[in-house]
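S.K.: Let me give you the structure first, and then I'll get to my questions.
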Amino acid sequence: MLTATGGRLHGEASPEFIWSGFCFDSRRARPGELFVALKTERGDGHDFVADALARGAAGALVEEGRMAGPPAAGAAPLFITVPDTYEALTRYARHIVRQRRLPIIAITGSVGKTGTRAAVAAVLSRRWRVFQNPANFNGRLGVPIALGALEPDHQMIVLEMGADRFGEICELCEIAPPQVGIITTVGEAHLAYFGSLDETAREKRAVVEALPADGLAVLNRDDPRTWAMREHTRAKVIPVSANDPLSDVGPAHLHPLSRSIAWAVGRHFGLADGEIAEALSALPALPGRMNILRGVNGAVLVDDSFNASPASMRAAIAWVARYRPADAPGRPIHRFLILGDMDQLGEHSARLHREVGTFVARCANENMVLITLGEQAYHIAEGARAAGMDAAAVVVTYLARDAVAYVSERAQAGDCILVKGDVSARMERVTAALLADKDDVAHLARQEPGWESVRVLKPARPTWLDVDLDAIAHNVRAVKALVGPDVALMAVLKADGYGHGAVKVARTALNNGVSWCGVASLNEAAALRNAGIEAPILILGFTPAWHAREALLRDVALTVYDLDVARAYSRAARELNRAARVHVKVDTGMSRLGVLPKEAPAFIRAVSALPAVQVEGLFTHFSSADSDEAYTRLQLARFQQVLSAVDELPSLRYVHAANSAGALAYPEARFNLVRIGLAMYGLNPFHPASLRPAGLTLRPALTWKTTIAQVKTLPPGTPVSYGNRFVCQRETTIAVIPVGYADGFRRAPQTFGQVLVRGRRAPIVGRVCMDQTMIDVSHIPGVRLGDEVVLIGRQGDECITAEDVAARLGTISYEVVSAILPRVPRVS
């Protein structure tokens with residue numbers, strides 16, 4: 001190591017010390033490994049050296065000057081300092097490969113790399129001891145780290161090589177020059193980085209370009225871009241195909257192309273056909289790679305959750321469409337496709353997801369059900385419906401538990417359940433929940449320590465909202481349990497779901513007990529309908545006559561309290577040959593929208609008499625159910641009087657008065673429908689909070705976060721921000737955070753006051769700018785660029801709630817969360 005890297009050794013070990021391998025994630029450190037402190041986009045490994053040593057790492061490779069000093073004597077038997085840990089790691093890997101001079105087989109391609117690598121290694125292992133890298137370690141960091149586990153008795157190296165940037169494959173081939181290069185296929189994976197299939201092919205072909213003249217290129221002749229790479233290599237070329245005769249020889253979970261490649265490589269190295277066939281037949285399924293497991297209720301569970309691309313999605317769907325159980329159950333079998341997001345597709349993402357949906361529709365029969373899970377996967381549902389798949393057989397979810405619940409309630413013995421999605425979708429959690437034998441969790445992908453807290457995808461901005469849809473589901477179920485089975489729930493989704501994201505909240509709420517959606521305006525209703533939400537929607541606010549036709553075309557119920565407007569709705573309904581569903585609003589004391597109680601009975605009868613108008617609902621709104629019991633009961637009495645006067649109305653199906661506070665505190669106000677807003681989002685609907693019913697636990701669903709953009713130390717007398725309103729009275733460490741009033745982070749007359757950094761409160765100083773804010777972190781040691789900052793939510797033992805912010809601003813929590821502007825991405 002010292003010779004290869006030029007590093008300096010500290011600690012008690014000799015320079016000949018041998019470690020068992022490298023690791024760079026302290027959570028996965030094992031005894032005997034050397035922890036490599038890498039600085040990446042996600043963090044600085046030097047912050048986690050102590051954690052790695054505590055978990056048994058033999059020592060650490062660190063950069064000079066990045067730490068205060070070596071650990072105390074005896075704390076680490078090996079401690080190496082180098083100028084650059086990544087360069088040292090690369091140099092060491094290159095050194096050990098050249099020193100050993102072992103044959104290297106390099107495998108790349110858009111799909112099928114891992115299965116092919118496992119198959120080739122299994123075949124060659126019949127005669128030689130073969131080193132192969134794990135699938136997670138196939139890039140510019142992963143391959144050098146994996147090679148740290150190369151042992152003296154290894155005789156061959158089989159490397160899977162992946163890339164998400166130009167030049168990465170070339171760099172890997174310089175570290176480990178291959179003698180055999182294998183290209184599986186060129187597909188849509190990683191279009192976000194390479195832009196086009198031609199550029200993807202250019203990157204992948206670096207493997208065959210690196211081959212020596214006496215080397216071997218194994219190319220998929222079924223894919224034109226892969227087969228064209230034969231013109232870019234000096235090596236001998238062997239064509240392979242998924243349709244080769246030998247592609248049928250091998251386990252069902254292994255793709256035919258991978259089988260063909262393994263046969264070609266085995267024969268090239270002189271193995272007998274019997275040896276190759278025996279090796280392939282014994283190859284176990286890899287975690288998350290078309291692994292067939294026992295599922296709930298006796299169903300067959302196909303776990304393909306390791307990753308996903310459009311091509312691998314189509315292959316898995318086609319496999320399920322062809323599936324026939326060995327023992328037919330004597331009834332038509334059902335096929336459930338639980339499909340999650342595909343990553344790294346860039347601007348092509350929506351289109352490629354929709355194309356997968358179109359493919360599902362082509363494969364579908366009357367017993368196939370599509371369940372999508374995730375924001376991008378929604379487009380799969382969109383594509384399937386557009387291609388003619390029965391809308392009743394297309395289910396959209398955003399929570400794993402909702403997808404699991406849907407399938408668990410319907411799957412039977414002999415049915416087939418496919419679970420597939422990319423890394424960010426974490427579909428292995430769905431598989432785990434659908435297992436018949438929970439001990440099979442050990443066979444799933446991403447079960448190593450640390451994965452439970454990994455966020456794979458980064459937000460679109462360094463300021464974002466974490467929206468906890470599990471909290472939304474919990475809150476809906478809690479309210480439903482309180483109000484009982486005879487009372488329906490309406491999810492109030494005004495202002496983009498109180499800033500939480502109306503579409504995802506609506507789907508989650510509907511999957512957990514909500515029956516209705518309530519919005520403020522037609523454009524909010526249209527957004528839900530455009531997202532494929534078919535549940536009843538009520539516009540709670542004013543809908544002008546000129547919106548009537550579109551509202552009726554979108555099957556949206558309207559609020560009425562004015563007879564002229566009601567007549568306009570009637571005319572529009574007659575013109576469209578359909579009924580206008582309306583809810584009459586009674587103003588019982590809010591003095592906002594609504595017909596006055598003494599006028600309400602006559603008004604309701606007049607509206608009911610209008611042609612093509614159906615009065616299906618009657619409602620009111622409490623002005624102070626959260627704080628004034630006497631006035632709330634007065635409003636309720638007025639409403640009940642109106643209700644008594646029109647109880648003969650045959651079309652009246654829904655009566656509702658209660659908002660969150662009313663629904664929770666006044667059982668007699670629930671009628672048969674309640675409207676939940678604050679409670680659904682986990683915000684306190686009571687003032688004071690002591691009015692909340694005992695035993696009811698609500699979980700806030702929103703956390704607002706940003707990051708440290710810069711840290712600087714300023715001398716006394718230095719002004720901060722516009723207007724020089726704040727001047728440093730002492731040497732002050734100022735951190736800049738990329739959030740401002742254009743995000744809804746209040747500038748005046750009051751600011752949020754403070755934020756959380758490293759679990760401590762940091763005051764806002766100077767004026768809040770449009771896009772930036774300065775905070776004083778002088779009292780918080782170690783603050784650095786990239787540190788996470790919490791504006792609303794919990795960090796460590798500290799918490800800033802929406803109610804806390806509202807109290808400081810002199811407003812209510814409704815306004816605080818609803819005022820967070822759309823350019824702040826919502827992540828769930």
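For the structure tokens, the naming scheme is as follows: chains receive sequential letters (A, B, ...) according to their order of presentation, residues are indexed from 1 within each chain, and ligands are indexed from 1 in presentation order.
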Excluding A:Pro716 and any residue of its chain fewer than 3 positions from it, enumerate the residues within 12 Å of it, using only C-alpha atoms, and give them as a list of chain:residue names.
M.R.: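 Near neighbours after the sequence-gap exclusion: A:Thr713, A:Pro719, A:Val720, A:Phe726, A:Val727, A:Cys728, A:Gln729, A:Arg730, A:Glu731, A:Thr732, A:Thr733.
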S.K.: Write out as a count of residues only the set of residues from stretch 591-769 of chain A that DSSP, computed on the backbone, places in strand (DSSP E).
M.R.: 46
S.K.: Taking only C-alpha atoms into account, name the residue in A:Glu171, A:Glu575, A:Glu33, A:Glu803 that is nearest to A:Arg94.
M.R.: A:Glu171
S.K.: Report the closest atom pair, with its distance in Å rounded to one decimal, for each residue of stretch 225-296 of chain A that has an atom no farther than 12 Å from stretch 129-141 of chain A; count only C-alpha atoms, sort by chain and then rising residue number, and write it as JSON lines.
M.R.:
{"residue": "A:Leu286", "atom": "CA", "partner": "A:Ala135", "partner_atom": "CA", "distance": 10.1}
{"residue": "A:Pro287", "atom": "CA", "partner": "A:Ala135", "partner_atom": "CA", "distance": 10.5}
{"residue": "A:Gly288", "atom": "CA", "partner": "A:Ala135", "partner_atom": "CA", "distance": 11.4}
{"residue": "A:Arg289", "atom": "CA", "partner": "A:Ala135", "partner_atom": "CA", "distance": 11.4}
S.K.: Produce a file of the selected residues containing all heavy atoms, as a PDB file, in the first residue's frame.
M.R.:
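Output below, filename result.pdb:
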ATOM      1  N   LEU A 286     -29.873 -14.340  -7.889  1.00  0.00           N
ATOM      2  CA  LEU A 286     -29.271 -13.244  -7.136  1.00  0.00           C
ATOM      3  C   LEU A 286     -30.365 -12.442  -6.440  1.00  0.00           C
ATOM      4  O   LEU A 286     -31.495 -12.363  -6.921  1.00  0.00           O
ATOM      5  CB  LEU A 286     -28.488 -12.340  -8.087  1.00  0.00           C
ATOM      6  CG  LEU A 286     -27.299 -12.995  -8.800  1.00  0.00           C
ATOM      7  CD1 LEU A 286     -26.746 -12.044  -9.847  1.00  0.00           C
ATOM      8  CD2 LEU A 286     -26.223 -13.376  -7.802  1.00  0.00           C
ATOM      9  N   PRO A 287     -30.054 -11.834  -5.308  1.00  0.00           N
ATOM     10  CA  PRO A 287     -31.063 -11.034  -4.612  1.00  0.00           C
ATOM     11  C   PRO A 287     -31.645  -9.953  -5.521  1.00  0.00           C
ATOM     12  O   PRO A 287     -30.915  -9.190  -6.149  1.00  0.00           O
ATOM     13  CB  PRO A 287     -30.286 -10.420  -3.451  1.00  0.00           C
ATOM     14  CG  PRO A 287     -29.169 -11.377  -3.199  1.00  0.00           C
ATOM     15  CD  PRO A 287     -28.781 -11.890  -4.549  1.00  0.00           C
ATOM     16  N   GLY A 288     -32.966  -9.929  -5.613  1.00  0.00           N
ATOM     17  CA  GLY A 288     -33.639  -8.894  -6.392  1.00  0.00           C
ATOM     18  C   GLY A 288     -33.551  -9.063  -7.886  1.00  0.00           C
ATOM     19  O   GLY A 288     -33.831  -8.132  -8.635  1.00  0.00           O
ATOM     20  N   ARG A 289     -33.176 -10.264  -8.359  1.00  0.00           N
ATOM     21  CA  ARG A 289     -33.006 -10.501  -9.802  1.00  0.00           C
ATOM     22  C   ARG A 289     -33.878 -11.680 -10.225  1.00  0.00           C
ATOM     23  O   ARG A 289     -33.432 -12.816 -10.282  1.00  0.00           O
ATOM     24  CB  ARG A 289     -31.547 -10.816 -10.131  1.00  0.00           C
ATOM     25  CG  ARG A 289     -30.552  -9.812  -9.589  1.00  0.00           C
ATOM     26  CD  ARG A 289     -30.454  -8.604 -10.451  1.00  0.00           C
ATOM     27  NE  ARG A 289     -29.407  -7.702  -9.992  1.00  0.00           N
ATOM     28  CZ  ARG A 289     -28.836  -6.763 -10.738  1.00  0.00           C
ATOM     29  NH1 ARG A 289     -29.207  -6.615 -11.991  1.00  0.00           N
ATOM     30  NH2 ARG A 289     -27.915  -5.982 -10.241  1.00  0.00           N
TER      31      ARG A 289
END
